[in-house]
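This report refers to the structure that appears directly beneath it.
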Amino acid sequence: MNRIPGYFKYFAILASIILTCYIMILGKSILSPILTAFILALLLRPMSTKLEKVNVPRGFSSVLSIILVFVVLFGLSYFFSSQVGNITRDLDTLGGRFNEIIDRGHNWMESQFGIEQQEQTQYLKNSLNTFLRNSTSFFTNTVTATAGFFTAFFLFLIALFFFLYYRRFFVSFLYRLFHHENHDTVEDTIVKIEKVVRSYILGLFTVIIIVAVLNTVGLMLLGIQHAIFFGCLAAVLTIIPYIGIFIGSLLPIIFALVTKDSLWYPAGVALVFWFVQFLEGNFITPNVVGGRVSINPFAAIIALFIGGMIWGPIGMILSIPVLAIVKVICDAVVPLQPYGFLLGNPPDEDTLENERSRISEFIRKRKYRKKEKAKKETV
């Protein structure tokens, strides 16, 4: 039987990767909530199992696990809504301040560019009319996006329930895929996948806490009101890597612009969030989250970008746990173990140097044996 040419294997693998990415892009609305539910089900499985051990029916334990998710979401919503209530009490005083800033802007435009306030007002009216003419399409897109969100959330809840309720059924399916001689490996892989996902979620919470503290301290040093709210909001938004903290910084920048007399305050707020974003994207997330799931920071950063290219923000959120699952599978399958080694944290320099020395010694001895064999054949 003729061997398959190397270039054919290369193009077959490349075509498979492209086709997989294409299917993932087309099926984003279905695959992303199902994958999110699967990862969250791995986190909630121990709780559901403990409830079943005290004679709680599996269906009810699955529902209780889902209720826990709602309790956490409700707690976060209550915290932020109460903080927003405190901010709204300042709106009356901020309204006059905001009008002063607009008047200053009008005067600055008139003094710098010679544009009278009447012309500026007319330009704003024209811009508003243009926005209103385009508001129909904007409203339609907003309604479509909202409907898509609730559809995905409903699918997420259904998938989460059945992943918890049918978990033994799905595990039995995995065992049936492999020969009984490999069942030990399958069991170890399942346990490692569950452990690595829980470690990722814990690492993500750690990142949120660290970023919240850094944001809050920075805003407090600048004397910005409601620093805890603004700091925690931007921290929670870090579940969307790189982009989230930028979105969370816009509100405190505007608040500082309205409440402070100097432009140095909003500039200082922007500098604080930029610095925290730099730390979060380049050091905190890759090392804290990537370290907990035994993934090196470089692989974690590449996974974030690839996930963002395929599924956008939700892809960036899911990229690291998916990469961690891929690494566990690569470590369990012998032909894929080199790729698992590449994704993991590199060993220390002494270990790498010893391995390199052993390989060099092996190559030297092999060359020597070949040379001696060639001499004997010549004689």
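Letters A, B, ... mark the chains of the structure tokens in the order given; residue numbers begin at 1 per chain; ligand numbers begin at 1, in order shown.
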Inset, instruction - With a distance cut-off of 7 Å and only C-alpha atoms, select the neighbouring residues of range 40-44 of chain A, excluding the residue or stretch itself and same-chain residues fewer than 3 positions from it, and output the selection as a list in words. - result: Thr36, Ala37, Met47, Ser48, Ser65, Leu160, Phe163, Leu164, Glu194, Val197 and Arg198 of chain A
Inset, instruction - Using only C-alpha atoms, pick whichever of A:Lys50, A:Phe341, A:Pro313, A:Phe169 has the shortest atom-to-atom distance to Val326 in chain A. - result: A:Phe341
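From CA of Gly281 in chain A back to CA of Gly308 in chain A, the distance works out to 13.9 Å.
Residues lying within 10 Å of range 67-77 of chain A, counting only C-alpha atoms and ignoring same-chain neighbours fewer than 2 positions away, are Leu40, Leu44, Met47, Ser61, Ser62, Val63, Leu64, Ser65, Phe79, Phe80, Ser81, Ser82, Gln83, Leu233 and Val236 of chain A.
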The selected residues should be written to file as a short mmCIF file (atom, residue, chain, number, x, y, z; two decimals), in the first residue's frame (atoms: N, CA and C atoms).
```
data_model
loop_
_atom_site.label_atom_id
_atom_site.label_comp_id
_atom_site.auth_asym_id
_atom_site.auth_seq_id
_atom_site.Cartn_x
_atom_site.Cartn_y
_atom_site.Cartn_z
N LEU A 40 -20.46 25.09 32.55
CA LEU A 40 -21.07 25.40 33.84
C LEU A 40 -21.59 24.12 34.51
N LEU A 44 -21.07 22.68 38.37
CA LEU A 44 -22.18 22.43 39.28
C LEU A 44 -22.38 20.96 39.58
N MET A 47 -22.14 19.72 43.31
CA MET A 47 -23.28 20.13 44.13
C MET A 47 -24.48 19.25 43.87
N SER A 61 -32.49 18.12 42.02
CA SER A 61 -31.13 18.61 42.30
C SER A 61 -30.59 19.42 41.13
N SER A 62 -30.94 19.01 39.92
CA SER A 62 -30.51 19.78 38.74
C SER A 62 -31.16 21.15 38.73
N VAL A 63 -32.45 21.19 39.10
CA VAL A 63 -33.16 22.47 39.15
C VAL A 63 -32.56 23.37 40.23
N LEU A 64 -32.23 22.78 41.40
CA LEU A 64 -31.62 23.56 42.47
C LEU A 64 -30.27 24.15 42.05
N SER A 65 -29.51 23.37 41.29
CA SER A 65 -28.22 23.87 40.80
C SER A 65 -28.43 25.07 39.88
N PHE A 79 -26.70 44.25 43.77
CA PHE A 79 -25.58 45.12 44.17
C PHE A 79 -25.46 46.31 43.22
N PHE A 80 -25.45 46.03 41.93
CA PHE A 80 -25.25 47.11 40.97
C PHE A 80 -26.46 48.04 40.91
N SER A 81 -27.67 47.49 41.03
CA SER A 81 -28.86 48.35 41.00
C SER A 81 -28.90 49.28 42.21
N SER A 82 -28.49 48.77 43.39
CA SER A 82 -28.46 49.62 44.58
C SER A 82 -27.42 50.73 44.43
N GLN A 83 -26.28 50.39 43.83
CA GLN A 83 -25.26 51.40 43.60
C GLN A 83 -25.73 52.45 42.58
N LEU A 233 -17.84 47.17 38.56
CA LEU A 233 -18.49 47.03 37.26
C LEU A 233 -17.47 46.71 36.17
N VAL A 236 -16.18 43.07 36.64
CA VAL A 236 -17.09 42.03 36.15
C VAL A 236 -17.04 41.95 34.62
#
```
Legend entry - Who sits within 10 Å of Trp311 in chain A, only C-alpha atoms, same chain under 2 positions skipped, as a count of residues only: 20
Inset, instruction - Using only C-alpha atoms, find the one residue out of A:Leu263, A:Phe162, A:Ile284, A:Arg356 that sits nearest to Leu214 in chain A. - result: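 Under the stated criterion, the closest residue is A:Ile284.
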Legend entry - Residue contacts of Ile253 in chain A (12 Å, only C-alpha atoms) excluding same-chain residues fewer than 5 positions away, as JSON, numbers by chain: {"A": [219, 222, 224, 225, 227, 230, 231, 234, 246, 247, 248, 258, 259, 260, 263, 264, 265, 266, 267, 268, 269, 270, 271, 272, 273, 274]}
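When the distance limit is 9 Å and only C-alpha atoms are what count, the residues near range 185-187 of chain A, minus those fewer than 3 positions from it on the same chain, are A:Val171, A:Leu174, A:Tyr175, A:Phe178, A:Glu181, A:Asn182, A:Ile190, A:Val191, A:Lys192, A:Ala332, A:Val333.
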Go ahead and save the picked residues with N, CA and C atoms, as a CSV table (one decimal), in the first residue's frame.
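Below is the file part_15.csv, written as the result:
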```csv
chain,number,residue,atom,x,y,z
A,171,VAL,N,-21.8,10.0,30.1
A,171,VAL,CA,-20.5,9.3,30.5
A,171,VAL,C,-20.6,7.9,29.9
A,174,LEU,N,-19.6,7.9,26.4
A,174,LEU,CA,-18.2,8.0,26.1
A,174,LEU,C,-17.5,6.7,26.3
A,175,TYR,N,-17.9,5.9,27.3
A,175,TYR,CA,-17.3,4.6,27.5
A,175,TYR,C,-17.6,3.7,26.3
A,178,PHE,N,-15.2,3.8,23.2
A,178,PHE,CA,-13.8,3.2,23.3
A,178,PHE,C,-13.8,1.8,23.8
A,181,GLU,N,-10.5,-1.7,27.2
A,181,GLU,CA,-9.1,-1.6,27.7
A,181,GLU,C,-8.7,-0.2,27.9
A,182,ASN,N,-9.4,0.8,27.3
A,182,ASN,CA,-9.1,2.2,27.4
A,182,ASN,C,-10.1,2.9,28.4
A,190,ILE,N,-12.0,12.2,32.1
A,190,ILE,CA,-13.2,12.9,32.5
A,190,ILE,C,-13.0,13.6,33.8
A,191,VAL,N,-12.3,13.0,34.7
A,191,VAL,CA,-12.0,13.6,36.0
A,191,VAL,C,-11.1,14.8,35.9
A,192,LYS,N,-10.1,14.7,35.0
A,192,LYS,CA,-9.2,15.8,34.8
A,192,LYS,C,-9.9,17.0,34.2
A,332,ALA,N,-3.9,12.7,27.2
A,332,ALA,CA,-4.4,11.4,27.4
A,332,ALA,C,-4.1,10.5,26.1
A,333,VAL,N,-4.1,11.1,25.0
A,333,VAL,CA,-3.9,10.4,23.7
A,333,VAL,C,-2.4,10.5,23.3
```
Legend entry - Neighbour list for Phe283 in chain A as JSON, numbers by chain, cut-off 9 Å, only C-alpha atoms, skip fewer than 5 positions in-chain: {"A": [278, 288, 297]}
Legend entry - Shortest interatomic distance to Phe170 in chain A - which of A:Gln337, A:Tyr368, A:Ile329, A:Phe38, counting only C-alpha atoms: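 Nearest to Phe170 in chain A: A:Phe38.
Nearest to Phe305 in chain A of all the residues A:Val56, A:Ile325, A:Ile320, A:Ile228 is A:Ile320, based on only C-alpha atoms.
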